$ cat work_35.txt   # compact mmCIF, C-alpha atoms and all ligand atoms
# COMPACT_ATOMS: atom_id res chain seq x y z
CA MET J 1 2.73 -12.94 -129.98
CA MET J 2 1.82 -9.42 -131.20
CA TRP J 3 4.49 -6.73 -131.21
CA GLN J 4 3.97 -2.99 -131.32
CA ARG J 5 6.27 -0.05 -132.04
CA VAL J 6 7.04 2.17 -129.04
CA SER J 7 9.49 4.97 -128.31
CA CYS J 8 11.72 5.77 -125.37
CA ASP J 9 13.54 9.02 -124.57
CA LYS J 10 16.87 7.27 -124.19
CA GLU J 11 18.68 3.97 -124.46
CA ARG J 12 21.27 2.81 -121.94
CA VAL J 13 23.98 0.17 -121.83
CA ASP J 14 25.03 -0.29 -118.20
CA VAL J 15 28.35 -2.14 -118.36
CA PRO J 16 31.53 -1.35 -116.42
CA GLY J 17 33.81 1.31 -117.88
CA THR J 18 33.87 5.04 -118.43
CA LYS J 19 30.56 6.28 -119.76
CA GLY J 20 29.74 7.84 -123.08
CA THR J 21 26.81 9.58 -124.73
CA LEU J 22 25.82 9.29 -128.37
CA MET J 23 23.29 11.62 -130.00
CA LEU J 24 21.69 11.69 -133.42
CA GLY J 25 21.16 15.25 -134.61
CA ASP J 26 22.74 18.61 -135.31
CA ALA J 27 24.91 19.70 -132.39
CA LEU J 28 23.60 23.26 -132.83
CA ASN J 29 20.01 22.09 -132.23
CA LEU J 30 20.62 19.63 -129.42
CA ASP J 31 20.59 20.60 -125.76
CA LEU J 32 24.26 20.27 -124.78
CA SER J 33 24.04 22.71 -121.85
CA ALA J 34 24.98 19.91 -119.42
CA TYR J 35 28.43 19.76 -121.12
CA GLU J 36 29.23 23.50 -121.04
CA GLY J 37 32.68 24.11 -119.54
CA ARG J 38 33.18 20.36 -118.90
CA VAL J 39 34.78 18.90 -122.03
CA GLN J 40 38.56 18.49 -121.91
CA CYS J 41 39.20 17.80 -125.59
CA ILE J 42 37.20 18.32 -128.78
CA TYR J 43 38.12 16.79 -132.10
CA PHE J 44 36.26 18.38 -135.00
CA ASP J 45 36.30 16.81 -138.48
CA PRO J 46 33.62 18.63 -140.50
CA PRO J 47 32.67 17.93 -144.12
CA SER J 48 34.92 19.86 -146.50
CA ILE J 49 33.78 22.45 -149.04
CA ASN J 50 34.05 20.30 -152.16
CA GLY J 51 30.48 19.48 -153.24
CA GLU J 52 31.24 15.75 -153.02
CA ARG J 53 28.70 13.10 -152.07
CA TYR J 54 30.22 10.64 -149.64
CA ARG J 55 28.91 7.10 -149.40
CA PHE J 56 28.62 4.37 -146.86
CA ARG J 57 29.17 0.80 -148.03
CA MET J 58 26.82 -1.38 -145.99
CA ARG J 59 27.57 -5.08 -146.16
CA ILE J 60 24.50 -7.27 -146.37
CA GLY J 61 23.81 -10.42 -144.38
CA GLU J 62 26.14 -13.23 -143.49
CA VAL J 63 27.50 -13.45 -147.06
CA GLY J 64 28.43 -9.76 -147.18
CA TRP J 65 30.09 -9.84 -143.76
CA ASN J 66 31.89 -13.07 -144.53
CA GLY J 67 34.01 -11.34 -147.12
CA GLY J 68 31.57 -11.64 -150.02
CA LYS J 69 30.71 -8.75 -152.32
CA ARG J 70 27.14 -8.36 -151.13
CA HIS J 71 26.57 -4.74 -150.12
CA ILE J 72 24.52 -1.62 -150.76
CA ASP J 73 25.89 1.89 -151.16
CA LEU J 74 24.05 4.39 -149.01
CA PRO J 75 24.46 8.15 -148.65
CA ALA J 76 26.77 9.09 -145.79
CA PHE J 77 26.97 12.91 -146.02
CA ASN J 78 27.62 15.68 -148.53
CA GLY J 79 30.51 18.07 -148.78
CA HIS J 80 29.44 21.70 -148.69
CA ALA J 81 28.69 23.35 -152.08
CA LEU J 82 31.77 25.07 -153.55
CA SER J 83 29.64 28.06 -154.51
CA ASP J 84 28.54 28.75 -150.92
CA LYS J 85 31.74 29.91 -149.25
CA GLU J 86 29.90 32.31 -146.96
CA GLY J 87 27.47 29.62 -145.80
CA TYR J 88 30.40 27.30 -145.15
CA ILE J 89 32.24 29.90 -143.09
CA ASN J 90 29.08 30.45 -141.01
CA PHE J 91 28.65 26.70 -140.57
CA LEU J 92 32.23 26.33 -139.27
CA THR J 93 32.01 29.46 -137.12
CA GLU J 94 28.82 28.37 -135.32
CA HIS J 95 30.17 24.92 -134.53
CA ILE J 96 33.56 26.19 -133.37
CA GLN J 97 31.87 28.74 -131.12
CA LEU J 98 29.81 25.93 -129.61
CA ALA J 99 32.96 23.82 -129.16
CA LYS J 100 34.66 26.63 -127.29
CA ARG J 101 31.69 26.94 -124.91
CA LEU J 102 31.86 23.23 -124.12
CA LEU J 103 35.58 23.20 -123.31
CA THR J 104 37.00 23.41 -119.78
CA PRO J 105 39.46 26.29 -119.19
CA SER J 106 42.30 23.75 -119.59
CA GLY J 107 40.74 22.18 -122.69
CA SER J 108 42.10 21.59 -126.21
CA PHE J 109 40.49 21.84 -129.64
CA PHE J 110 41.72 19.92 -132.69
CA LEU J 111 40.27 20.80 -136.08
CA HIS J 112 40.93 18.40 -138.93
CA ALA J 113 41.06 20.20 -142.28
CA ASP J 114 42.00 19.36 -145.85
CA TRP J 115 43.79 21.68 -148.33
CA ARG J 116 40.51 23.29 -149.40
CA PHE J 117 39.47 24.78 -146.10
CA SER J 118 42.46 24.80 -143.75
CA ALA J 119 43.08 28.51 -144.50
CA HIS J 120 39.45 29.46 -143.69
CA ALA J 121 39.54 27.29 -140.58
CA ARG J 122 42.72 28.97 -139.33
CA ILE J 123 41.25 32.46 -139.67
CA ILE J 124 37.98 31.44 -137.98
CA CYS J 125 39.74 29.70 -135.10
CA ASP J 126 42.12 32.64 -134.60
CA LYS J 127 39.04 34.87 -134.20
CA ILE J 128 37.21 32.53 -131.83
CA PHE J 129 40.08 31.26 -129.66
CA GLY J 130 42.50 34.15 -130.18
CA GLU J 131 45.78 33.93 -132.11
CA ALA J 132 47.68 33.53 -128.85
CA GLN J 133 45.90 30.24 -128.18
CA PHE J 134 47.09 28.65 -131.42
CA ARG J 135 49.42 25.80 -130.46
CA ASN J 136 50.19 23.80 -133.58
CA GLU J 137 49.56 23.32 -137.22
CA ILE J 138 49.96 19.55 -137.33
CA ILE J 139 50.67 17.93 -140.67
CA TRP J 140 49.28 14.41 -140.91
CA SER J 141 50.98 12.92 -143.91
CA TYR J 142 49.88 9.63 -145.50
CA GLN J 143 50.51 7.61 -148.64
CA THR J 144 46.97 6.63 -149.62
CA GLY J 145 44.92 8.27 -152.38
CA GLY J 146 45.64 9.04 -156.02
CA ILE J 147 48.69 10.48 -157.74
CA SER J 148 48.54 13.60 -159.88
CA LYS J 149 50.79 14.70 -162.73
CA ARG J 150 49.23 18.15 -163.01
CA TYR J 151 50.29 19.27 -159.53
CA PHE J 152 52.05 17.72 -156.50
CA SER J 153 49.93 14.86 -155.17
CA ARG J 154 48.00 15.87 -152.06
CA LYS J 155 49.23 13.61 -149.32
CA HIS J 156 48.49 15.40 -146.08
CA ASP J 157 45.74 16.87 -143.93
CA THR J 158 46.19 19.72 -141.48
CA ILE J 159 45.11 19.49 -137.87
CA LEU J 160 44.86 22.87 -136.16
CA PHE J 161 45.43 22.66 -132.41
CA TYR J 162 44.09 25.46 -130.18
CA ALA J 163 44.01 25.72 -126.40
CA LYS J 164 41.05 27.36 -124.70
CA THR J 165 43.31 29.34 -122.35
CA ARG J 166 47.01 29.75 -121.58
CA ASN J 167 46.65 27.16 -118.82
CA HIS J 168 45.78 24.24 -121.01
CA TYR J 169 46.60 20.67 -120.04
CA PHE J 170 49.10 18.89 -122.30
CA ASP J 171 51.34 15.90 -121.54
CA ILE J 172 53.52 14.79 -124.45
CA THR J 173 55.07 12.01 -122.37
CA GLN J 174 51.85 10.03 -122.87
CA VAL J 175 52.66 9.49 -126.55
CA PRO J 176 56.24 8.21 -126.88
CA THR J 177 57.20 7.17 -130.38
CA SER J 178 59.97 5.07 -131.81
CA LYS J 179 63.12 7.09 -132.48
CA LYS J 180 63.13 9.00 -135.71
CA SER J 181 65.99 7.74 -137.85
CA GLU J 182 66.05 11.04 -139.78
CA ARG J 183 66.85 12.92 -136.59
CA SER J 184 69.76 10.76 -135.60
CA ASN J 185 71.37 10.24 -139.01
CA HIS J 186 73.06 13.64 -139.17
CA LEU J 187 74.12 13.65 -135.51
CA LYS J 188 77.53 12.54 -134.22
CA ARG J 189 77.58 9.17 -132.46
CA HIS J 190 79.30 8.73 -129.08
CA VAL J 191 79.48 6.26 -126.22
CA ASP J 192 79.62 7.65 -122.68
CA PRO J 193 81.87 6.23 -119.88
CA GLN J 194 78.98 3.96 -118.75
CA GLY J 195 78.81 2.45 -122.24
CA LYS J 196 75.52 4.14 -123.16
CA SER J 197 75.31 5.33 -126.72
CA TYR J 198 74.20 8.86 -127.56
CA ARG J 199 74.24 11.38 -130.37
CA SER J 200 75.11 15.05 -130.22
CA ILE J 201 74.91 18.21 -132.25
CA THR J 202 76.33 21.67 -131.56
CA THR J 203 74.51 24.70 -132.91
CA GLY J 204 74.73 28.35 -131.83
CA GLY J 205 77.44 27.46 -129.32
CA LYS J 206 75.16 24.98 -127.54
CA THR J 207 75.53 21.22 -127.57
CA TYR J 208 72.44 19.03 -127.59
CA ILE J 209 72.73 15.40 -126.45
CA TYR J 210 70.21 12.64 -127.21
CA TYR J 211 70.65 9.23 -125.60
CA ASP J 212 69.55 6.37 -127.86
CA ASP J 213 67.45 4.78 -125.10
CA GLU J 214 65.66 8.07 -124.25
CA PRO J 215 62.00 8.11 -125.27
CA SER J 216 61.26 10.33 -128.22
CA TYR J 217 58.06 12.30 -128.79
CA PRO J 218 56.20 13.38 -131.91
CA ASP J 219 56.69 16.84 -133.37
CA ASP J 220 54.09 18.58 -135.53
CA VAL J 221 54.68 16.48 -138.66
CA TRP J 222 53.08 13.07 -138.26
CA THR J 223 54.40 10.59 -140.79
CA ASP J 224 54.24 7.54 -138.54
CA LEU J 225 50.44 7.14 -138.35
CA SER J 226 49.31 5.55 -141.56
CA GLN J 227 45.85 5.84 -143.06
CA MET J 228 43.94 2.55 -143.00
CA GLN J 229 44.65 0.15 -145.86
CA GLN J 230 41.79 -1.18 -148.00
CA LYS J 231 41.59 -4.43 -146.03
CA ASP J 232 42.12 -2.92 -142.56
CA PRO J 233 39.75 -4.73 -140.15
CA GLN J 234 38.77 -1.41 -138.49
CA ARG J 235 37.27 -0.14 -141.78
CA THR J 236 33.52 0.33 -141.41
CA GLY J 237 32.69 1.32 -144.99
CA TYR J 238 31.94 4.91 -143.87
CA ALA J 239 33.77 7.35 -146.16
CA THR J 240 36.36 9.64 -144.50
CA GLN J 241 36.78 7.32 -141.49
CA LYS J 242 39.99 8.14 -139.61
CA PRO J 243 42.28 5.58 -137.92
CA VAL J 244 41.97 5.15 -134.15
CA ILE J 245 45.74 5.67 -133.66
CA LEU J 246 45.36 9.23 -134.93
CA MET J 247 42.73 9.99 -132.28
CA ASP J 248 44.80 8.22 -129.60
CA ARG J 249 47.67 10.65 -130.13
CA MET J 250 45.52 13.75 -129.53
CA ILE J 251 43.37 12.30 -126.76
CA LEU J 252 46.26 10.84 -124.76
CA CYS J 253 48.21 14.09 -124.51
CA ALA J 254 45.27 16.47 -124.16
CA THR J 255 43.26 14.57 -121.51
CA LYS J 256 43.60 12.47 -118.38
CA SER J 257 41.79 9.26 -117.59
CA GLY J 258 38.10 9.99 -116.82
CA ASP J 259 38.01 13.34 -118.68
CA ILE J 260 35.34 14.04 -121.30
CA VAL J 261 36.24 13.95 -125.00
CA ALA J 262 33.71 15.25 -127.55
CA ASP J 263 33.25 14.92 -131.29
CA LEU J 264 30.35 17.01 -132.62
CA MET J 265 30.51 15.41 -136.11
CA CYS J 266 31.61 11.94 -135.15
CA GLY J 267 30.98 10.13 -138.48
CA SER J 268 31.81 6.48 -137.94
CA GLY J 269 32.65 7.17 -134.28
CA THR J 270 36.46 6.84 -134.35
CA THR J 271 37.03 9.49 -131.65
CA LEU J 272 34.57 7.78 -129.34
CA VAL J 273 36.16 4.37 -129.86
CA SER J 274 39.56 5.84 -128.95
CA ALA J 275 38.10 7.66 -125.93
CA ALA J 276 36.43 4.48 -124.63
CA GLN J 277 39.56 2.38 -125.17
CA ASN J 278 41.62 4.96 -123.27
CA ASN J 279 39.20 5.24 -120.31
CA ARG J 280 37.88 8.67 -121.18
CA GLN J 281 34.21 9.64 -121.04
CA PHE J 282 32.82 10.86 -124.35
CA LEU J 283 30.11 12.77 -126.16
CA GLY J 284 29.46 11.97 -129.81
CA VAL J 285 27.03 13.69 -132.15
CA ASP J 286 26.24 13.17 -135.82
CA ILE J 287 23.36 14.29 -137.99
CA GLY J 288 23.36 11.21 -140.27
CA ARG J 289 21.48 8.03 -139.40
CA ASN J 290 24.05 5.85 -141.17
CA ALA J 291 26.84 7.52 -139.18
CA TYR J 292 24.79 6.90 -136.04
CA SER J 293 24.23 3.23 -136.81
CA VAL J 294 27.92 2.56 -137.60
CA THR J 295 28.99 4.33 -134.42
CA ARG J 296 26.36 2.57 -132.31
CA LYS J 297 27.66 -0.75 -133.53
CA ARG J 298 31.29 0.11 -132.79
CA LEU J 299 30.20 0.98 -129.23
CA ALA J 300 27.96 -2.07 -128.71
CA ASP J 301 30.00 -3.25 -125.70
CA THR J 302 30.62 0.19 -124.17
CA ALA J 303 28.83 1.89 -121.25
CA LEU J 304 26.58 4.25 -123.15
CA THR J 305 23.51 6.48 -123.15
CA CYS J 306 21.97 7.17 -126.56
CA PHE J 307 19.49 9.76 -127.73
CA ALA J 308 18.15 9.12 -131.23
CA SER J 309 14.84 9.29 -133.04
CA TYR J 310 13.03 6.25 -134.41
CA SER J 311 12.20 5.54 -138.02
CA ASN J 312 8.67 6.02 -139.35
CA GLN J 313 9.01 3.33 -142.06
CA PRO J 314 6.22 0.74 -141.88
CA MET J 315 8.36 -2.36 -141.19
CA MET J 316 7.18 -5.66 -139.67
CA MET J 317 8.88 -7.74 -136.99
CA ASP J 318 8.18 -11.06 -135.33
CA ALA J 319 9.83 -12.41 -132.20
CA THR J 320 9.12 -14.94 -129.46
CA VAL J 321 9.85 -14.65 -125.74
CA ILE J 322 10.43 -17.82 -123.70
CA PRO J 323 10.61 -17.32 -119.91
CA GLY J 324 13.31 -19.41 -118.19
CA ILE J 325 14.56 -19.80 -114.59
CA ALA J 326 16.56 -16.58 -114.31
CA TYR J 327 16.36 -15.31 -117.90
CA TYR J 328 13.96 -14.60 -120.71
CA ASP J 329 15.11 -15.94 -124.07
CA VAL J 330 14.14 -13.56 -126.85
CA MET J 331 14.09 -15.08 -130.35
CA LEU J 332 14.09 -12.78 -133.38
CA ASN J 333 12.10 -14.64 -136.07
CA SER J 334 11.71 -12.17 -138.92
CA TYR J 335 12.05 -8.53 -139.91
CA THR J 336 10.62 -7.09 -143.11
CA LEU J 337 11.00 -3.69 -144.71
CA PRO J 338 8.50 -2.40 -147.29
CA ALA J 339 9.19 -4.20 -150.60
CA ASN J 340 9.81 -1.09 -152.71
CA ILE J 341 12.31 0.52 -150.33
CA PHE J 342 15.41 -1.11 -151.87
CA GLU J 343 14.23 -0.49 -155.44
CA LYS J 344 14.22 3.22 -154.67
CA LEU J 345 17.91 2.99 -153.77
CA HIS J 346 18.78 1.90 -157.37
CA GLN J 347 21.19 -0.75 -156.17
CA ASP J 348 23.06 -2.97 -158.59
CA LYS J 349 22.16 -6.65 -158.75
CA SER J 350 25.01 -7.76 -156.44
CA SER J 351 22.97 -6.93 -153.34
CA GLY J 352 20.23 -9.38 -154.42
CA LYS J 353 16.87 -9.58 -152.70
CA ILE J 354 17.17 -8.54 -149.08
CA ILE J 355 14.85 -10.83 -147.18
CA GLY J 356 14.48 -12.27 -143.68
CA LEU J 357 17.09 -11.27 -141.16
CA ASP J 358 19.46 -10.06 -143.91
CA ALA J 359 17.82 -6.66 -143.49
CA VAL J 360 18.95 -6.53 -139.83
CA ASP J 361 22.41 -5.12 -139.13
CA GLN J 362 22.22 -5.10 -135.32
CA TRP J 363 19.63 -5.89 -132.66
CA TYR J 364 19.41 -5.37 -128.93
CA ALA J 365 17.18 -6.91 -126.24
CA GLY J 366 16.43 -5.35 -122.89
CA LEU J 367 13.85 -3.87 -120.56
CA ILE J 368 12.04 -0.56 -120.62
CA ASN J 369 12.16 1.04 -117.21
CA GLY J 370 10.66 4.50 -116.85
CA GLU J 371 11.94 6.67 -119.70
CA ALA J 372 14.89 4.42 -120.63
CA PHE J 373 15.34 1.27 -122.67
CA VAL J 374 18.10 -0.61 -120.84
CA VAL J 375 20.04 -2.97 -123.10
CA TYR J 376 21.07 -6.34 -121.63
CA ALA J 377 22.13 -8.24 -124.74
CA SER J 378 23.09 -7.44 -128.31
CA SER J 379 24.05 -9.04 -131.58
CA VAL J 380 25.75 -7.00 -134.30
CA ARG J 381 27.11 -8.08 -137.67
CA LEU J 382 30.89 -7.75 -137.90
CA LYS J 383 33.61 -9.52 -139.85
CA GLN J 384 34.22 -11.67 -136.75
CA THR J 385 30.47 -12.31 -136.26
CA PRO J 386 28.84 -12.20 -139.71
CA LYS J 387 25.84 -14.25 -138.58
CA LEU J 388 23.38 -12.61 -136.20
CA ASP J 389 22.47 -14.45 -133.01
CA GLN J 390 18.82 -15.31 -133.38
CA LYS J 391 18.42 -15.65 -129.60
CA LEU J 392 19.37 -13.14 -126.90
CA SER J 393 18.88 -13.63 -123.15
CA ILE J 394 17.86 -10.93 -120.70
CA PRO J 395 17.59 -11.19 -116.92
CA LEU J 396 14.24 -11.63 -115.15
CA LEU J 397 14.11 -8.12 -113.73
CA LYS J 398 11.40 -5.45 -113.41
CA GLY J 399 10.48 -3.75 -116.67
CA THR J 400 8.85 -4.35 -120.05
CA ILE J 401 10.72 -6.61 -122.46
CA ALA J 402 11.72 -4.71 -125.58
CA ILE J 403 13.69 -5.26 -128.78
CA LEU J 404 15.58 -2.57 -130.66
CA ILE J 405 16.42 -3.21 -134.30
CA ILE J 406 18.78 -1.17 -136.48
CA ASP J 407 18.45 -2.31 -140.06
CA VAL J 408 20.81 -2.04 -143.03
CA LEU J 409 19.30 1.32 -143.99
CA GLY J 410 19.93 2.76 -140.51
CA ASN J 411 16.24 2.62 -139.49
CA ARG J 412 15.80 2.24 -135.74
CA SER J 413 12.65 0.64 -134.34
CA LEU J 414 11.80 -0.30 -130.76
CA TRP J 415 9.22 -3.02 -130.11
CA THR J 416 7.34 -4.42 -127.10
CA ALA J 417 4.97 -7.36 -126.93
CA SER J 418 1.42 -6.10 -126.68
CA ASN J 419 0.14 -9.15 -124.75
CA GLU J 420 1.45 -10.43 -121.40
CA ILE J 421 4.14 -13.09 -121.49
C1 LIG X 501 34.33 13.99 -142.28
S1 LIG X 501 33.02 13.17 -141.50
C2 LIG X 501 33.68 12.68 -139.93
C3 LIG X 501 34.46 11.40 -140.02
C4 LIG X 501 34.92 10.89 -138.66
N1 LIG X 501 36.00 11.67 -138.12
C5 LIG X 501 35.31 9.42 -138.72
O1 LIG X 501 36.43 9.05 -138.29
O2 LIG X 501 34.50 8.62 -139.18
C6 LIG X 501 31.95 14.50 -141.12
C7 LIG X 501 30.66 14.12 -140.43
O3 LIG X 501 29.97 15.33 -140.10
C8 LIG X 501 28.60 15.02 -140.07
N2 LIG X 501 27.83 16.29 -140.07
C9 LIG X 501 27.71 17.17 -141.09
N3 LIG X 501 26.96 18.24 -140.70
C10 LIG X 501 26.64 18.00 -139.40
C11 LIG X 501 25.90 18.73 -138.43
N4 LIG X 501 25.36 19.91 -138.71
N5 LIG X 501 25.77 18.21 -137.19
C12 LIG X 501 26.31 17.00 -136.88
N6 LIG X 501 27.01 16.27 -137.76
C13 LIG X 501 27.19 16.77 -139.00
C14 LIG X 501 28.38 14.14 -141.27
O4 LIG X 501 27.21 13.38 -141.18
C15 LIG X 501 29.66 13.31 -141.28
O5 LIG X 501 29.45 12.07 -140.65

$ encode --input "work_35.txt" --output "structure tokens" --more "lines below"
Ligand SMILES: C[S@@+](CC[C@H](N)C(=O)[O-])C[C@H]1O[C@@H](n2cnc3c(N)ncnc32)[C@H](O)[C@@H]1O
Amino acid sequence: MMWQRVSCDKERVDVPGTKGTLMLGDALNLDLSAYEGRVQCIYFDPPSINGERYRFRMRIGEVGWNGGKRHIDLPAFNGHALSDKEGYINFLTEHIQLAKRLLTPSGSFFLHADWRFSAHARIICDKIFGEAQFRNEIIWSYQTGGISKRYFSRKHDTILFYAKTRNHYFDITQVPTSKKSERSNHLKRHVDPQGKSYRSITTGGKTYIYYDDEPSYPDDVWTDLSQMQQKDPQRTGYATQKPVILMDRMILCATKSGDIVADLMCGSGTTLVSAAQNNRQFLGVDIGRNAYSVTRKRLADTALTCFASYSNQPMMMDATVIPGIAYYDVMLNSYTLPANIFEKLHQDKSSGKIIGLDAVDQWYAGLINGEAFVVYASSVRLKQTPKLDQKLSIPLLKGTIAILIIDVLGNRSLWTASNEI
């Protein structure tokens, strides 16, 4: 069976659930006009201005995904050059202006900043949204990272929260937390006539009462959401990945079920995972193909439309299609990248020779119908499923059978059989 490379404008996964869109590219160059004035919440986590080169640790094959050391280190994205402050300010300004255009009048904007650029970000956001729309400077404090003896160790990020207008939607009751022991320790304990215990404090002539069984809600210092540990199963290997619980807190109070959440620099796709799990629609954009491939994999079982370009690497693929009673069985036999491609990456010996299906990170089988490739089955390498399924089944419906492969370098290729089945 001969296979040829084709392209399709979009890729769709039609499964039940709220729908999302994932795009590969620069948000400033993509056509997002369909989202203007419709997005309820935007989380924005741009690269910092630190000149750092961030990496993505891609596990290789069944051995790598089974807990072995087999991996390659790929570029993820670069921090902005320290010397180009003006360029960085322009970069932030243009994206924040775009974000504001996308928001609904009741929408919220959360900007995640580190110590290097939180001051710039605050000034830019004040100009774009207006100082009166500033709602919170949230401190997300964590324990991970190094310790310094030359200055106080940096153990927090700042999340700036702006509302688009005075009438923004916000419901703190969606994010109850466990009672803060610090709050109650200095308060007086009492028991009311019904036997319910409460604490009280009197300040400025006013007495405040807090019942122990009352729900409590987060303030603007978040110490209860820890950064992921080294062995956390949600870790994708993509540097700067945030924990889903952090996104949950913002999304749950700033949106209702069915609303649209957007992340214009989605990295490993954490915001979109949280949105999907909480029944929100979503829009995710990232310029990096490794970010795209990690995110695509995390959303493999989610209702999704994707817009992404295909690779122009000269790879080879072989597959077999066996027609059955109600299904076609599609067998992926081999996938080969050009031999010198890994040498150019200067990998250490631990990754070994990447041959056969080891070069495949995820593959999808489906039917091309009009301008869309509709996915019916997928197999992606994860810790739980380190071995790829070699066979996927797709229903006997109208359309051209096609296979999409995303390899360990983030190359996407779409294939159809050139002869009739
Ligand atoms: C700090 S990371 C985001 C991490 C993300 N919050 C997560 O949980 O994985 C910043 C991302 O911005 C992306 N990026 C940088 N410039 C971009 C641009 N002009 N358009 C879209 N994405 C961009 C990078 O590729 C990178 O993935």

$ residues_around --input "work_35.txt" --residues "Gln313 of chain J" --least-positions-apart "2" --cutoff "12 Å" --atoms "only C-alpha atoms" --output "number ranges by chain"
J: 5, 310-311, 315-316, 336-341, 407, 409-413

$ write_last_selection --input "work_35.txt" --atoms "C-alpha atoms" --output "PDB file, in the coordinates of the input"
ATOM      1  CA  ARG J   5       6.270  -0.050-132.040  1.00  0.00           C
ATOM      2  CA  TYR J 310      13.030   6.250-134.410  1.00  0.00           C
ATOM      3  CA  SER J 311      12.200   5.540-138.020  1.00  0.00           C
ATOM      4  CA  MET J 315       8.360  -2.360-141.190  1.00  0.00           C
ATOM      5  CA  MET J 316       7.180  -5.660-139.670  1.00  0.00           C
ATOM      6  CA  THR J 336      10.620  -7.090-143.110  1.00  0.00           C
ATOM      7  CA  LEU J 337      11.000  -3.690-144.710  1.00  0.00           C
ATOM      8  CA  PRO J 338       8.500  -2.400-147.290  1.00  0.00           C
ATOM      9  CA  ALA J 339       9.190  -4.200-150.600  1.00  0.00           C
ATOM     10  CA  ASN J 340       9.810  -1.090-152.710  1.00  0.00           C
ATOM     11  CA  ILE J 341      12.310   0.520-150.330  1.00  0.00           C
ATOM     12  CA  ASP J 407      18.450  -2.310-140.060  1.00  0.00           C
ATOM     13  CA  LEU J 409      19.300   1.320-143.990  1.00  0.00           C
ATOM     14  CA  GLY J 410      19.930   2.760-140.510  1.00  0.00           C
ATOM     15  CA  ASN J 411      16.240   2.620-139.490  1.00  0.00           C
ATOM     16  CA  ARG J 412      15.800   2.240-135.740  1.00  0.00           C
ATOM     17  CA  SER J 413      12.650   0.640-134.340  1.00  0.00           C
TER      18      SER J 413
END

$ axis_aligned_box --input "work_35.txt" --around "segment 321-329 of chain J" --padding-each-side "5 Å" --output "AutoDock Vina command-line options"
--center_x 13.2 --center_y -17.2 --center_z -120.0 --size_x 16.7 --size_y 15.2 --size_z 21.4

$ closest_atom_pairs --input "work_35.txt" --of "chain J" --to "ligand LIG 501 (chain X)" --cutoff "6 Å" --atoms "only C-alpha atoms and all ligand atoms" --output "Markdown table"
| residue | atom | partner | partner_atom | distance |
| --- | --- | --- | --- | --- |
| J:Gly25 | CA | X:LIG501 | C12 | 5.9 |
| J:Asp26 | CA | X:LIG501 | N5 | 3.6 |
| J:Ala27 | CA | X:LIG501 | N5 | 5.1 |
| J:Asp45 | CA | X:LIG501 | C2 | 5.1 |
| J:Pro46 | CA | X:LIG501 | C6 | 4.5 |
| J:Pro47 | CA | X:LIG501 | C6 | 4.6 |
| J:Phe77 | CA | X:LIG501 | O4 | 4.9 |
| J:Thr240 | CA | X:LIG501 | C3 | 5.2 |
| J:Gln241 | CA | X:LIG501 | O2 | 3.5 |
| J:Lys242 | CA | X:LIG501 | O1 | 3.9 |
| J:Leu264 | CA | X:LIG501 | C12 | 5.9 |
| J:Met265 | CA | X:LIG501 | N6 | 4.0 |
| J:Cys266 | CA | X:LIG501 | C4 | 4.9 |
| J:Gly267 | CA | X:LIG501 | O5 | 3.3 |
| J:Ser268 | CA | X:LIG501 | O2 | 3.7 |
| J:Gly269 | CA | X:LIG501 | O2 | 5.4 |
| J:Thr270 | CA | X:LIG501 | O1 | 4.5 |
| J:Val285 | CA | X:LIG501 | C12 | 5.8 |
| J:Asp286 | CA | X:LIG501 | N6 | 3.7 |
| J:Ile287 | CA | X:LIG501 | C12 | 4.2 |
| J:Gly288 | CA | X:LIG501 | O4 | 4.5 |
| J:Ala291 | CA | X:LIG501 | O5 | 5.4 |

$ atom_distance --input "work_35.txt" --atom1 "atom CA of Glu94 of chain J" --atom2 "atom CA of Ala254 of chain J"
23.2 Å

$ residues_around --input "work_35.txt" --residues "Gly399 of chain J" --least-positions-apart "6" --cutoff "8 Å" --atoms "all atoms listed in the file" --output "list in words"
Leu367, Ile368 and Asn369 of chain J

$ residues_near_point --input "work_35.txt" --point "(26.6, 1.6, -136.3)" --cutoff "12 Å" --atoms "all atoms listed in the file" --output "VMD selection string"
chain J and resid 22 24 56 58 to 59 236 to 238 266 to 270 273 286 288 to 300 360 to 363 379 to 382 405 to 412

$ closest_residue --input "work_35.txt" --among "J:Gly20, J:Gly87, J:Pro105, J:Gly145" --to "Phe129 of chain J" --atoms "all atoms listed in the file"
J:Pro105

$ closest_residue --input "work_35.txt" --among "J:Ile201, J:Ala113, J:Phe282, J:Trp3" --to "Tyr335 of chain J" --atoms "only C-alpha atoms"
J:Trp3

$ residues_near_point --input "work_35.txt" --point "(7.7, -13.5, -132.2)" --cutoff "10 Å" --atoms "only C-alpha atoms" --output "number ranges by chain"
J: 1-3, 317-322, 330-334, 417

$ closest_residue --input "work_35.txt" --among "J:Asn29, J:Ser153, J:Ser83, J:Gln97" --to "Ile49 of chain J" --atoms "all atoms listed in the file"
J:Ser83

$ atom_distance --input "work_35.txt" --atom1 "atom CA of Asp31 of chain J" --atom2 "atom CA of Thr305 of chain J"
14.7 Å

$ closest_residue --input "work_35.txt" --among "J:Ser418, J:Arg55, J:Ile354, J:Glu371" --to "Arg70 of chain J" --atoms "only C-alpha atoms"
J:Ile354

$ residues_around --input "work_35.txt" --residues "Tyr327 of chain J" --least-positions-apart "2" --cutoff "7 Å" --atoms "all atoms listed in the file" --output "PyMOL selection string"
chain J and resi 323-325+329+393-396

$ closest_residue --input "work_35.txt" --among "J:Ile251, J:Ala359, J:Ala308, J:Leu225" --to "Gly64 of chain J" --atoms "all atoms listed in the file"
J:Ala359
